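**Student:** Below is the file upload.cif, with mmCIF, N, CA and C atoms and all ligand atoms.
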```cif
data_data
loop_
_atom_site.label_atom_id
_atom_site.label_comp_id
_atom_site.auth_asym_id
_atom_site.auth_seq_id
_atom_site.Cartn_x
_atom_site.Cartn_y
_atom_site.Cartn_z
N MET Q 18 186.64 19.82 -64.08
CA MET Q 18 185.62 20.81 -63.79
C MET Q 18 185.61 21.85 -64.89
N PHE Q 19 184.46 22.50 -65.04
CA PHE Q 19 184.38 23.57 -66.03
C PHE Q 19 184.69 24.91 -65.39
N TRP Q 20 185.48 25.70 -66.09
CA TRP Q 20 185.65 27.11 -65.80
C TRP Q 20 185.10 27.86 -67.00
N TYR Q 21 184.83 29.13 -66.83
CA TYR Q 21 184.05 29.87 -67.81
C TYR Q 21 184.80 31.10 -68.30
N HIS Q 22 184.62 31.37 -69.59
CA HIS Q 22 185.25 32.55 -70.19
C HIS Q 22 184.18 33.30 -70.97
N GLY Q 23 183.91 34.53 -70.55
CA GLY Q 23 182.91 35.35 -71.23
C GLY Q 23 183.60 36.36 -72.13
N THR Q 24 183.00 36.60 -73.30
CA THR Q 24 183.63 37.52 -74.24
C THR Q 24 182.57 38.06 -75.22
N ASP Q 25 183.03 38.77 -76.26
CA ASP Q 25 182.08 39.27 -77.26
C ASP Q 25 182.08 38.32 -78.47
N ARG Q 26 181.22 38.60 -79.44
CA ARG Q 26 181.03 37.68 -80.56
C ARG Q 26 182.29 37.51 -81.40
N GLN Q 27 182.95 38.63 -81.68
CA GLN Q 27 184.14 38.59 -82.54
C GLN Q 27 185.26 37.74 -81.90
N ALA Q 28 185.49 37.98 -80.60
CA ALA Q 28 186.53 37.20 -79.91
C ALA Q 28 186.11 35.74 -79.80
N ALA Q 29 184.81 35.49 -79.62
CA ALA Q 29 184.33 34.10 -79.51
C ALA Q 29 184.59 33.34 -80.81
N GLU Q 30 184.38 34.00 -81.94
CA GLU Q 30 184.64 33.34 -83.23
C GLU Q 30 186.11 32.98 -83.37
N GLN Q 31 186.98 33.90 -82.93
CA GLN Q 31 188.41 33.63 -83.02
C GLN Q 31 188.82 32.48 -82.09
N ILE Q 32 188.23 32.46 -80.88
CA ILE Q 32 188.55 31.38 -79.94
C ILE Q 32 188.10 30.03 -80.50
N CYS Q 33 186.96 30.01 -81.18
CA CYS Q 33 186.48 28.77 -81.80
C CYS Q 33 187.47 28.26 -82.85
N ARG Q 34 188.10 29.17 -83.56
CA ARG Q 34 189.07 28.77 -84.58
C ARG Q 34 190.42 28.37 -83.98
N GLU Q 35 190.88 29.15 -83.00
CA GLU Q 35 192.28 29.05 -82.57
C GLU Q 35 192.49 28.62 -81.13
N GLY Q 36 191.43 28.51 -80.34
CA GLY Q 36 191.60 28.26 -78.91
C GLY Q 36 191.91 29.55 -78.18
N PHE Q 37 192.21 29.43 -76.90
CA PHE Q 37 192.47 30.62 -76.08
C PHE Q 37 193.95 30.95 -76.12
N ARG Q 38 194.24 32.23 -76.24
CA ARG Q 38 195.62 32.69 -76.19
C ARG Q 38 196.16 32.57 -74.76
N SER Q 39 197.49 32.70 -74.65
CA SER Q 39 198.09 32.72 -73.31
C SER Q 39 197.54 33.92 -72.54
N HIS Q 40 197.50 33.78 -71.24
CA HIS Q 40 197.03 34.82 -70.32
C HIS Q 40 195.55 35.15 -70.49
N SER Q 41 194.75 34.14 -70.84
CA SER Q 41 193.30 34.32 -70.85
C SER Q 41 192.75 34.15 -69.44
N PHE Q 42 191.66 34.87 -69.18
CA PHE Q 42 190.99 34.80 -67.88
C PHE Q 42 189.88 33.75 -67.91
N PHE Q 43 189.72 33.03 -66.81
CA PHE Q 43 188.61 32.10 -66.66
C PHE Q 43 188.00 32.30 -65.28
N ALA Q 44 186.68 32.21 -65.22
CA ALA Q 44 185.97 32.41 -63.96
C ALA Q 44 185.44 31.08 -63.45
N ARG Q 45 185.44 30.94 -62.15
CA ARG Q 45 184.94 29.70 -61.53
C ARG Q 45 183.43 29.55 -61.74
N ASN Q 46 182.73 30.70 -61.76
CA ASN Q 46 181.27 30.67 -61.90
C ASN Q 46 180.85 31.32 -63.21
N MET Q 47 179.88 30.69 -63.85
CA MET Q 47 179.41 31.16 -65.14
C MET Q 47 178.88 32.60 -65.05
N GLN Q 48 178.19 32.93 -63.98
CA GLN Q 48 177.62 34.28 -63.85
C GLN Q 48 178.71 35.34 -63.86
N ASP Q 49 179.85 35.03 -63.27
CA ASP Q 49 180.94 36.01 -63.26
C ASP Q 49 181.51 36.20 -64.66
N ALA Q 50 181.65 35.12 -65.41
CA ALA Q 50 182.14 35.23 -66.80
C ALA Q 50 181.17 36.07 -67.63
N LEU Q 51 179.90 35.86 -67.40
CA LEU Q 51 178.86 36.62 -68.12
C LEU Q 51 178.90 38.09 -67.74
N GLU Q 52 179.01 38.35 -66.45
CA GLU Q 52 178.95 39.72 -65.96
C GLU Q 52 180.21 40.52 -66.35
N PHE Q 53 181.37 39.89 -66.22
CA PHE Q 53 182.61 40.64 -66.38
C PHE Q 53 183.26 40.41 -67.75
N GLY Q 54 182.90 39.35 -68.44
CA GLY Q 54 183.56 39.06 -69.70
C GLY Q 54 182.72 39.42 -70.90
N GLY Q 55 181.47 39.00 -70.89
CA GLY Q 55 180.61 39.25 -72.04
C GLY Q 55 179.58 38.15 -72.17
N ARG Q 56 178.64 38.36 -73.12
CA ARG Q 56 177.49 37.46 -73.15
C ARG Q 56 177.73 36.18 -73.94
N TYR Q 57 178.89 36.04 -74.56
CA TYR Q 57 179.28 34.77 -75.18
C TYR Q 57 180.16 34.04 -74.17
N VAL Q 58 179.66 32.93 -73.65
CA VAL Q 58 180.35 32.28 -72.54
C VAL Q 58 180.78 30.87 -72.94
N PHE Q 59 182.07 30.61 -72.83
CA PHE Q 59 182.63 29.28 -73.08
C PHE Q 59 182.68 28.48 -71.79
N TYR Q 60 182.36 27.19 -71.90
CA TYR Q 60 182.57 26.23 -70.82
C TYR Q 60 183.84 25.45 -71.17
N VAL Q 61 184.85 25.53 -70.33
CA VAL Q 61 186.16 24.99 -70.67
C VAL Q 61 186.61 23.99 -69.60
N LEU Q 62 187.02 22.82 -70.07
CA LEU Q 62 187.42 21.76 -69.14
C LEU Q 62 188.82 21.99 -68.56
N PHE Q 63 188.90 21.95 -67.25
CA PHE Q 63 190.19 21.90 -66.56
C PHE Q 63 190.18 20.63 -65.72
N GLU Q 64 191.07 19.70 -66.05
CA GLU Q 64 191.05 18.42 -65.33
C GLU Q 64 191.57 18.57 -63.91
N GLU Q 65 192.41 19.61 -63.69
CA GLU Q 65 192.80 19.94 -62.32
C GLU Q 65 192.36 21.36 -62.05
N ASP Q 66 191.93 21.62 -60.83
CA ASP Q 66 191.44 22.96 -60.47
C ASP Q 66 192.58 23.98 -60.64
N PRO Q 67 192.43 24.94 -61.56
CA PRO Q 67 193.49 25.93 -61.74
C PRO Q 67 193.50 26.99 -60.65
N GLY Q 68 192.46 27.03 -59.84
CA GLY Q 68 192.38 28.04 -58.79
C GLY Q 68 192.75 27.46 -57.44
N ASP Q 69 192.41 28.18 -56.40
CA ASP Q 69 192.65 27.75 -55.03
C ASP Q 69 191.33 27.83 -54.29
N PRO Q 70 190.62 26.69 -54.17
CA PRO Q 70 189.28 26.72 -53.57
C PRO Q 70 189.29 27.22 -52.13
N GLY Q 71 190.45 27.18 -51.47
CA GLY Q 71 190.53 27.68 -50.10
C GLY Q 71 190.62 29.19 -50.02
N ASP Q 72 190.83 29.84 -51.17
CA ASP Q 72 190.98 31.30 -51.18
C ASP Q 72 189.64 31.93 -51.58
N PRO Q 73 189.03 32.71 -50.69
CA PRO Q 73 187.72 33.28 -51.03
C PRO Q 73 187.75 34.24 -52.21
N ASP Q 74 188.94 34.71 -52.58
CA ASP Q 74 189.05 35.63 -53.72
C ASP Q 74 189.37 34.91 -55.03
N ASP Q 75 189.35 33.60 -55.03
CA ASP Q 75 189.79 32.93 -56.26
C ASP Q 75 188.65 32.73 -57.25
N TRP Q 76 187.88 33.77 -57.50
CA TRP Q 76 186.76 33.66 -58.43
C TRP Q 76 187.22 33.59 -59.87
N GLN Q 77 188.46 34.05 -60.18
CA GLN Q 77 188.97 33.94 -61.54
C GLN Q 77 190.46 33.61 -61.52
N VAL Q 78 190.93 33.06 -62.63
CA VAL Q 78 192.35 32.76 -62.78
C VAL Q 78 192.81 33.28 -64.14
N VAL Q 79 194.10 33.51 -64.26
CA VAL Q 79 194.74 33.79 -65.54
C VAL Q 79 195.61 32.59 -65.85
N ILE Q 80 195.42 32.01 -67.04
CA ILE Q 80 196.20 30.83 -67.42
C ILE Q 80 197.36 31.31 -68.30
N PRO Q 81 198.59 31.11 -67.85
CA PRO Q 81 199.73 31.68 -68.59
C PRO Q 81 199.94 31.08 -69.99
N GLU Q 82 199.60 29.81 -70.16
CA GLU Q 82 199.83 29.20 -71.47
C GLU Q 82 198.52 29.16 -72.28
N PRO Q 83 198.63 29.00 -73.61
CA PRO Q 83 197.40 28.88 -74.41
C PRO Q 83 196.56 27.68 -73.96
N VAL Q 84 195.24 27.80 -74.09
CA VAL Q 84 194.34 26.69 -73.77
C VAL Q 84 193.72 26.23 -75.09
N PRO Q 85 194.01 24.98 -75.51
CA PRO Q 85 193.56 24.54 -76.84
C PRO Q 85 192.05 24.38 -76.93
N LYS Q 86 191.54 24.49 -78.17
CA LYS Q 86 190.09 24.48 -78.34
C LYS Q 86 189.47 23.12 -78.05
N ASP Q 87 190.26 22.04 -78.02
CA ASP Q 87 189.66 20.74 -77.71
C ASP Q 87 189.27 20.62 -76.23
N ARG Q 88 189.49 21.65 -75.45
CA ARG Q 88 189.02 21.66 -74.07
C ARG Q 88 187.69 22.41 -73.91
N ILE Q 89 187.19 22.97 -75.03
CA ILE Q 89 185.91 23.69 -74.98
C ILE Q 89 184.77 22.68 -75.02
N TYR Q 90 183.92 22.70 -73.98
CA TYR Q 90 182.73 21.86 -73.99
C TYR Q 90 181.64 22.52 -74.81
N LYS Q 91 181.33 23.77 -74.51
CA LYS Q 91 180.33 24.45 -75.33
C LYS Q 91 180.47 25.96 -75.20
N LEU Q 92 179.83 26.64 -76.13
CA LEU Q 92 179.76 28.10 -76.15
C LEU Q 92 178.28 28.48 -76.10
N THR Q 93 177.93 29.36 -75.19
CA THR Q 93 176.54 29.78 -75.08
C THR Q 93 176.45 31.29 -75.29
N ARG Q 94 175.33 31.74 -75.82
CA ARG Q 94 175.09 33.17 -75.95
C ARG Q 94 173.92 33.54 -75.05
N HIS Q 95 174.15 34.50 -74.22
CA HIS Q 95 173.13 34.89 -73.25
C HIS Q 95 172.54 36.24 -73.63
N LEU Q 96 171.29 36.39 -73.30
CA LEU Q 96 170.63 37.68 -73.45
C LEU Q 96 170.63 38.35 -72.10
N ARG Q 97 171.02 39.60 -72.08
CA ARG Q 97 171.00 40.32 -70.82
C ARG Q 97 170.10 41.54 -70.98
N PHE Q 98 168.87 41.39 -70.58
CA PHE Q 98 167.96 42.52 -70.63
C PHE Q 98 167.91 43.16 -69.25
N THR Q 99 168.25 44.42 -69.17
CA THR Q 99 168.08 45.13 -67.90
C THR Q 99 166.72 45.84 -67.96
N LEU Q 100 165.84 45.45 -67.08
CA LEU Q 100 164.49 46.00 -67.10
C LEU Q 100 164.36 47.20 -66.18
N TYR Q 101 165.26 47.29 -65.20
CA TYR Q 101 165.24 48.40 -64.26
C TYR Q 101 166.65 48.58 -63.76
N GLU Q 102 167.10 49.81 -63.63
CA GLU Q 102 168.45 50.05 -63.11
C GLU Q 102 168.47 51.39 -62.41
N ASP Q 103 169.03 51.43 -61.22
CA ASP Q 103 169.20 52.68 -60.48
C ASP Q 103 170.68 52.84 -60.18
N ARG Q 104 171.35 53.69 -60.95
CA ARG Q 104 172.80 53.85 -60.80
C ARG Q 104 173.18 54.41 -59.43
N ALA Q 105 172.28 55.14 -58.80
CA ALA Q 105 172.58 55.68 -57.46
C ALA Q 105 172.79 54.54 -56.46
N VAL Q 106 172.02 53.48 -56.61
CA VAL Q 106 172.19 52.33 -55.72
C VAL Q 106 173.51 51.65 -56.02
N LEU Q 107 173.87 51.56 -57.30
CA LEU Q 107 175.16 50.98 -57.67
C LEU Q 107 176.30 51.78 -57.05
N ARG Q 108 176.19 53.13 -57.09
CA ARG Q 108 177.24 53.96 -56.50
C ARG Q 108 177.32 53.78 -54.99
N ARG Q 109 176.18 53.57 -54.33
CA ARG Q 109 176.22 53.29 -52.88
C ARG Q 109 176.97 52.00 -52.62
N GLN Q 110 176.75 51.00 -53.47
CA GLN Q 110 177.47 49.73 -53.33
C GLN Q 110 178.97 49.94 -53.54
N TRP Q 111 179.33 50.76 -54.53
CA TRP Q 111 180.75 51.05 -54.77
C TRP Q 111 181.39 51.71 -53.55
N LEU Q 112 180.64 52.65 -52.92
CA LEU Q 112 181.18 53.34 -51.75
C LEU Q 112 181.38 52.36 -50.59
N VAL Q 113 180.43 51.47 -50.40
CA VAL Q 113 180.58 50.45 -49.35
C VAL Q 113 181.84 49.63 -49.60
N ALA Q 114 182.03 49.18 -50.85
CA ALA Q 114 183.20 48.35 -51.18
C ALA Q 114 184.49 49.15 -51.01
N CYS Q 115 184.45 50.41 -51.41
CA CYS Q 115 185.60 51.31 -51.30
C CYS Q 115 186.01 51.48 -49.84
N ARG Q 116 185.04 51.69 -48.95
CA ARG Q 116 185.34 51.90 -47.53
C ARG Q 116 185.76 50.60 -46.86
N LEU Q 117 185.21 49.48 -47.30
CA LEU Q 117 185.65 48.19 -46.77
C LEU Q 117 187.12 47.97 -47.08
N GLU Q 118 187.52 48.37 -48.28
CA GLU Q 118 188.89 48.11 -48.69
C GLU Q 118 189.87 49.16 -48.18
N HIS Q 119 189.44 50.42 -48.11
CA HIS Q 119 190.40 51.50 -47.84
C HIS Q 119 190.11 52.28 -46.57
N GLY Q 120 189.07 51.91 -45.84
CA GLY Q 120 188.80 52.58 -44.57
C GLY Q 120 187.69 53.61 -44.67
N PRO Q 121 187.22 54.07 -43.51
CA PRO Q 121 186.04 54.94 -43.45
C PRO Q 121 186.25 56.33 -44.06
N GLN Q 122 187.51 56.74 -44.27
CA GLN Q 122 187.76 58.06 -44.88
C GLN Q 122 187.58 58.03 -46.39
N ALA Q 123 187.51 56.85 -46.96
CA ALA Q 123 187.46 56.74 -48.41
C ALA Q 123 186.17 57.33 -48.97
N GLU Q 124 186.30 57.96 -50.13
CA GLU Q 124 185.16 58.53 -50.85
C GLU Q 124 185.23 58.09 -52.30
N LEU Q 125 184.09 58.15 -52.98
CA LEU Q 125 184.13 57.89 -54.41
C LEU Q 125 184.84 59.06 -55.11
N CYS Q 126 185.52 58.76 -56.17
CA CYS Q 126 186.24 59.76 -56.97
C CYS Q 126 185.25 60.81 -57.51
N ASP Q 127 185.64 62.09 -57.41
CA ASP Q 127 184.74 63.15 -57.85
C ASP Q 127 184.74 63.35 -59.36
N VAL Q 128 185.66 62.70 -60.07
CA VAL Q 128 185.69 62.83 -61.53
C VAL Q 128 184.85 61.73 -62.18
N CYS Q 129 185.14 60.48 -61.86
CA CYS Q 129 184.42 59.37 -62.50
C CYS Q 129 183.22 58.91 -61.65
N ARG Q 130 183.08 59.47 -60.45
CA ARG Q 130 181.98 59.14 -59.54
C ARG Q 130 181.94 57.66 -59.19
N GLY Q 131 183.13 57.08 -59.07
CA GLY Q 131 183.23 55.70 -58.61
C GLY Q 131 183.32 54.67 -59.72
N ASP Q 132 183.11 55.12 -60.95
CA ASP Q 132 183.10 54.20 -62.09
C ASP Q 132 184.50 53.67 -62.42
N GLY Q 133 185.52 54.53 -62.25
CA GLY Q 133 186.89 54.15 -62.61
C GLY Q 133 187.22 54.47 -64.06
N ASP Q 134 186.20 54.72 -64.86
CA ASP Q 134 186.39 55.07 -66.27
C ASP Q 134 185.73 56.41 -66.56
N VAL Q 135 186.27 57.11 -67.54
CA VAL Q 135 185.64 58.34 -68.01
C VAL Q 135 185.45 58.24 -69.51
N ASP Q 136 184.41 58.88 -70.02
CA ASP Q 136 184.17 58.87 -71.47
C ASP Q 136 185.25 59.68 -72.18
N ASN Q 137 185.66 59.21 -73.33
CA ASN Q 137 186.62 59.99 -74.12
C ASN Q 137 185.93 60.52 -75.37
N ARG Q 138 186.67 61.30 -76.13
CA ARG Q 138 186.06 61.97 -77.29
C ARG Q 138 185.74 61.01 -78.42
N GLN Q 139 186.35 59.83 -78.39
CA GLN Q 139 186.07 58.85 -79.46
C GLN Q 139 184.81 58.03 -79.16
N GLY Q 140 184.18 58.33 -78.05
CA GLY Q 140 182.97 57.59 -77.71
C GLY Q 140 183.24 56.34 -76.89
N GLY Q 141 184.51 56.08 -76.59
CA GLY Q 141 184.84 54.95 -75.71
C GLY Q 141 185.11 55.45 -74.31
N THR Q 142 185.85 54.67 -73.55
CA THR Q 142 186.19 55.09 -72.19
C THR Q 142 187.69 54.99 -71.96
N ASP Q 143 188.19 55.84 -71.10
CA ASP Q 143 189.58 55.80 -70.64
C ASP Q 143 189.58 55.60 -69.14
N THR Q 144 190.68 55.04 -68.63
CA THR Q 144 190.84 54.92 -67.18
C THR Q 144 190.91 56.31 -66.56
N CYS Q 145 190.15 56.52 -65.53
CA CYS Q 145 190.11 57.83 -64.86
C CYS Q 145 191.50 58.14 -64.28
N ARG Q 146 192.02 59.31 -64.63
CA ARG Q 146 193.36 59.67 -64.14
C ARG Q 146 193.33 60.10 -62.68
N ARG Q 147 192.24 60.69 -62.28
CA ARG Q 147 192.16 61.21 -60.90
C ARG Q 147 192.33 60.09 -59.88
N CYS Q 148 191.65 58.97 -60.11
CA CYS Q 148 191.68 57.88 -59.12
C CYS Q 148 192.49 56.67 -59.64
N GLY Q 149 192.98 56.75 -60.86
CA GLY Q 149 193.74 55.62 -61.41
C GLY Q 149 192.88 54.42 -61.74
N GLY Q 150 191.56 54.63 -61.83
CA GLY Q 150 190.68 53.53 -62.21
C GLY Q 150 190.07 52.78 -61.03
N THR Q 151 190.46 53.12 -59.81
CA THR Q 151 189.88 52.43 -58.65
C THR Q 151 188.50 52.98 -58.31
N GLY Q 152 188.21 54.21 -58.74
CA GLY Q 152 186.93 54.82 -58.41
C GLY Q 152 186.89 55.39 -57.00
N CYS Q 153 188.01 55.33 -56.32
CA CYS Q 153 188.05 55.54 -54.88
C CYS Q 153 189.19 56.49 -54.53
N LEU Q 154 188.94 57.43 -53.60
CA LEU Q 154 189.99 58.37 -53.14
C LEU Q 154 190.01 58.36 -51.61
N VAL Q 155 191.20 58.57 -51.03
CA VAL Q 155 191.31 58.79 -49.60
C VAL Q 155 192.01 60.13 -49.40
N ASP Q 156 191.37 61.04 -48.67
CA ASP Q 156 191.88 62.41 -48.50
C ASP Q 156 192.17 63.05 -49.86
N GLY Q 157 191.31 62.80 -50.82
CA GLY Q 157 191.46 63.41 -52.14
C GLY Q 157 192.60 62.84 -52.98
N ARG Q 158 193.18 61.74 -52.54
CA ARG Q 158 194.31 61.16 -53.27
C ARG Q 158 194.00 59.74 -53.72
N LYS Q 159 194.74 59.33 -54.76
CA LYS Q 159 194.62 57.95 -55.24
C LYS Q 159 194.91 56.98 -54.12
N VAL Q 160 194.24 55.84 -54.16
CA VAL Q 160 194.56 54.78 -53.21
C VAL Q 160 195.45 53.77 -53.92
N LEU Q 161 196.29 53.11 -53.15
CA LEU Q 161 197.13 52.06 -53.73
C LEU Q 161 196.30 50.81 -53.87
N GLN Q 162 196.45 50.14 -54.99
CA GLN Q 162 195.66 48.92 -55.22
C GLN Q 162 196.23 47.76 -54.42
ZN ZN O 201 188.02 58.43 -60.89
#
```
Can the structure in the file be given as structure tokens, please?
**Tutor:**
Amino acid sequence: MFWYHGTDRQAAEQICREGFRSHSFFARNMQDALEFGGRYVFYVLFEEDPGDPGDPDDWQVVIPEPVPKDRIYKLTRHLRFTLYEDRAVLRRQWLVACRLEHGPQAELCDVCRGDGDVDNRQGGTDTCRRCGGTGCLVDGRKVLQ
């Protein structure tokens, strides 16, 4: 079966030359690799299912050993055009997920507003210290993952 690895162009070029390093992530569904990994998506052959199909959370796996490039079926580049986006709706979804996981008292973090990341001065992002990157607080405190 194919599992999928999404990444950026630079990492994709390296994977084409060298294969996947140890501890690479693979997703069971191509859409997840695209959404969480990047728009360069590899289709990679696993002759035995590396996940656990009986586990509803097994959407991705980490493979401890390197995966050689002769297992790559193909690499695709996807275009992701967002034509409309309402971040307030996304935050409502985050709050729903937060309360499902941590109970009805849970709130989105007041620093990162549920994102889990904050902008830094270099123009990148850092993990939010207030919530530890979960985006979620209970009684104003970090939740345990
Ligand atoms: Zn936060």
**Student:** Do a neighbour search on Ala44 in chain Q at 7 Å with all atoms listed in the file, toss out local chain neighbours closer than 2 positions, and write the hits as a ChimeraX atom specification.
**Tutor:** /Q:19-23,42,46-47,49-50,76-78
**Student:** Just want the 8 Å neighbourhood of range 111-120 of chain Q, counted on only N, CA and C atoms, with same-chain residues fewer than 6 positions away dropped. Output as a list in words.
**Tutor:**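 Using only N, CA and C atoms, the neighbours found are Ala105, Gly131, Asp132, Thr151, Gly152, Cys153, Leu154, Val155 and Val160 of chain Q.
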**Student:** Using only C-alpha atoms and all ligand atoms, tabulate the residues of chain Q lying at most 9 Å from any atom of ligand ZN 201 (chain O), each with its closest atom pair and that distance in Å to one decimal, by chain and increasing residue number, as a Markdown table.
**Tutor:**
```
| residue | atom | partner | partner_atom | distance |
| --- | --- | --- | --- | --- |
| Q:Leu125 | CA | O:ZN201 | ZN | 7.6 |
| Q:Cys126 | CA | O:ZN201 | ZN | 4.5 |
| Q:Asp127 | CA | O:ZN201 | ZN | 6.5 |
| Q:Val128 | CA | O:ZN201 | ZN | 5.0 |
| Q:Cys129 | CA | O:ZN201 | ZN | 4.1 |
| Q:Arg130 | CA | O:ZN201 | ZN | 6.2 |
| Q:Gly131 | CA | O:ZN201 | ZN | 6.0 |
| Q:Asp132 | CA | O:ZN201 | ZN | 6.6 |
| Q:Gly133 | CA | O:ZN201 | ZN | 4.7 |
| Q:Asp134 | CA | O:ZN201 | ZN | 6.5 |
| Q:Val135 | CA | O:ZN201 | ZN | 7.5 |
| Q:Thr144 | CA | O:ZN201 | ZN | 7.7 |
| Q:Cys145 | CA | O:ZN201 | ZN | 4.5 |
| Q:Arg146 | CA | O:ZN201 | ZN | 6.4 |
| Q:Arg147 | CA | O:ZN201 | ZN | 5.0 |
| Q:Cys148 | CA | O:ZN201 | ZN | 4.1 |
| Q:Gly149 | CA | O:ZN201 | ZN | 6.4 |
| Q:Gly150 | CA | O:ZN201 | ZN | 5.7 |
| Q:Thr151 | CA | O:ZN201 | ZN | 6.7 |
| Q:Gly152 | CA | O:ZN201 | ZN | 4.5 |
| Q:Cys153 | CA | O:ZN201 | ZN | 6.7 |
| Q:Leu154 | CA | O:ZN201 | ZN | 8.0 |
| Q:Lys159 | CA | O:ZN201 | ZN | 8.7 |
```
**Student:** Per DSSP on the backbone, filter chain Q down to the residues in alpha helix (DSSP H) and report them as number ranges by chain.
**Tutor:** Q: 26-35, 47-53, 104-119
**Student:** Those residues with N, CA and C atoms, as a tab-separated table (two decimals), in the frame of the given file please?
**Tutor:**
```
chain	number	residue	atom	x	y	z
Q	26	ARG	N	181.22	38.60	-79.44
Q	26	ARG	CA	181.03	37.68	-80.56
Q	26	ARG	C	182.29	37.51	-81.40
Q	27	GLN	N	182.95	38.63	-81.68
Q	27	GLN	CA	184.14	38.59	-82.54
Q	27	GLN	C	185.26	37.74	-81.90
Q	28	ALA	N	185.49	37.98	-80.60
Q	28	ALA	CA	186.53	37.20	-79.91
Q	28	ALA	C	186.11	35.74	-79.80
Q	29	ALA	N	184.81	35.49	-79.62
Q	29	ALA	CA	184.33	34.10	-79.51
Q	29	ALA	C	184.59	33.34	-80.81
Q	30	GLU	N	184.38	34.00	-81.94
Q	30	GLU	CA	184.64	33.34	-83.23
Q	30	GLU	C	186.11	32.98	-83.37
Q	31	GLN	N	186.98	33.90	-82.93
Q	31	GLN	CA	188.41	33.63	-83.02
Q	31	GLN	C	188.82	32.48	-82.09
Q	32	ILE	N	188.23	32.46	-80.88
Q	32	ILE	CA	188.55	31.38	-79.94
Q	32	ILE	C	188.10	30.03	-80.50
Q	33	CYS	N	186.96	30.01	-81.18
Q	33	CYS	CA	186.48	28.77	-81.80
Q	33	CYS	C	187.47	28.26	-82.85
Q	34	ARG	N	188.10	29.17	-83.56
Q	34	ARG	CA	189.07	28.77	-84.58
Q	34	ARG	C	190.42	28.37	-83.98
Q	35	GLU	N	190.88	29.15	-83.00
Q	35	GLU	CA	192.28	29.05	-82.57
Q	35	GLU	C	192.49	28.62	-81.13
Q	47	MET	N	179.88	30.69	-63.85
Q	47	MET	CA	179.41	31.16	-65.14
Q	47	MET	C	178.88	32.60	-65.05
Q	48	GLN	N	178.19	32.93	-63.98
Q	48	GLN	CA	177.62	34.28	-63.85
Q	48	GLN	C	178.71	35.34	-63.86
Q	49	ASP	N	179.85	35.03	-63.27
Q	49	ASP	CA	180.94	36.01	-63.26
Q	49	ASP	C	181.51	36.20	-64.66
Q	50	ALA	N	181.65	35.12	-65.41
Q	50	ALA	CA	182.14	35.23	-66.80
Q	50	ALA	C	181.17	36.07	-67.63
Q	51	LEU	N	179.90	35.86	-67.40
Q	51	LEU	CA	178.86	36.62	-68.12
Q	51	LEU	C	178.90	38.09	-67.74
Q	52	GLU	N	179.01	38.35	-66.45
Q	52	GLU	CA	178.95	39.72	-65.96
Q	52	GLU	C	180.21	40.52	-66.35
Q	53	PHE	N	181.37	39.89	-66.22
Q	53	PHE	CA	182.61	40.64	-66.38
Q	53	PHE	C	183.26	40.41	-67.75
Q	104	ARG	N	171.35	53.69	-60.95
Q	104	ARG	CA	172.80	53.85	-60.80
Q	104	ARG	C	173.18	54.41	-59.43
Q	105	ALA	N	172.28	55.14	-58.80
Q	105	ALA	CA	172.58	55.68	-57.46
Q	105	ALA	C	172.79	54.54	-56.46
Q	106	VAL	N	172.02	53.48	-56.61
Q	106	VAL	CA	172.19	52.33	-55.72
Q	106	VAL	C	173.51	51.65	-56.02
Q	107	LEU	N	173.87	51.56	-57.30
Q	107	LEU	CA	175.16	50.98	-57.67
Q	107	LEU	C	176.30	51.78	-57.05
Q	108	ARG	N	176.19	53.13	-57.09
Q	108	ARG	CA	177.24	53.96	-56.50
Q	108	ARG	C	177.32	53.78	-54.99
Q	109	ARG	N	176.18	53.57	-54.33
Q	109	ARG	CA	176.22	53.29	-52.88
Q	109	ARG	C	176.97	52.00	-52.62
Q	110	GLN	N	176.75	51.00	-53.47
Q	110	GLN	CA	177.47	49.73	-53.33
Q	110	GLN	C	178.97	49.94	-53.54
Q	111	TRP	N	179.33	50.76	-54.53
Q	111	TRP	CA	180.75	51.05	-54.77
Q	111	TRP	C	181.39	51.71	-53.55
Q	112	LEU	N	180.64	52.65	-52.92
Q	112	LEU	CA	181.18	53.34	-51.75
Q	112	LEU	C	181.38	52.36	-50.59
Q	113	VAL	N	180.43	51.47	-50.40
Q	113	VAL	CA	180.58	50.45	-49.35
Q	113	VAL	C	181.84	49.63	-49.60
Q	114	ALA	N	182.03	49.18	-50.85
Q	114	ALA	CA	183.20	48.35	-51.18
Q	114	ALA	C	184.49	49.15	-51.01
Q	115	CYS	N	184.45	50.41	-51.41
Q	115	CYS	CA	185.60	51.31	-51.30
Q	115	CYS	C	186.01	51.48	-49.84
Q	116	ARG	N	185.04	51.69	-48.95
Q	116	ARG	CA	185.34	51.90	-47.53
Q	116	ARG	C	185.76	50.60	-46.86
Q	117	LEU	N	185.21	49.48	-47.30
Q	117	LEU	CA	185.65	48.19	-46.77
Q	117	LEU	C	187.12	47.97	-47.08
Q	118	GLU	N	187.52	48.37	-48.28
Q	118	GLU	CA	188.89	48.11	-48.69
Q	118	GLU	C	189.87	49.16	-48.18
Q	119	HIS	N	189.44	50.42	-48.11
Q	119	HIS	CA	190.40	51.50	-47.84
Q	119	HIS	C	190.11	52.28	-46.57
```
**Student:** Calculated over only N, CA and C atoms, which of the candidates Q:Gln139, Q:Ile32, Q:His95, Q:Leu107 has the smallest distance to Leu51 in chain Q?
**Tutor:**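 Among the listed residues, Q:His95 lies closest to Leu51 in chain Q.
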**Student:** Write out as a ChimeraX atom specification the residues lying within 8 Å of range 35-39 of chain Q, counting only C-alpha atoms and excluding same-chain residues fewer than 4 positions away.
**Tutor:** /Q:31,80-87
**Student:** Nearest to Thr24 in chain Q among Q:Thr142, Q:Asp74, Q:Phe53, Q:Ser41, with distances taken over all atoms listed in the file: which residue is it?
**Tutor:** Q:Phe53
**Student:** What is the atom C of Tyr101 in chain Q-atom C of Glu52 in chain Q distance in Å, reported with one decimal?
**Tutor:**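 According to the coordinates, atom C of Tyr101 in chain Q and atom C of Glu52 in chain Q are separated by 16.0 Å.
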**Student:** Go ahead and compute the interatomic distance for atom C of Leu96 in chain Q and atom N of Arg56 in chain Q, in Å to one decimal.
**Tutor:**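 These two atoms are separated by 8.1 Å.
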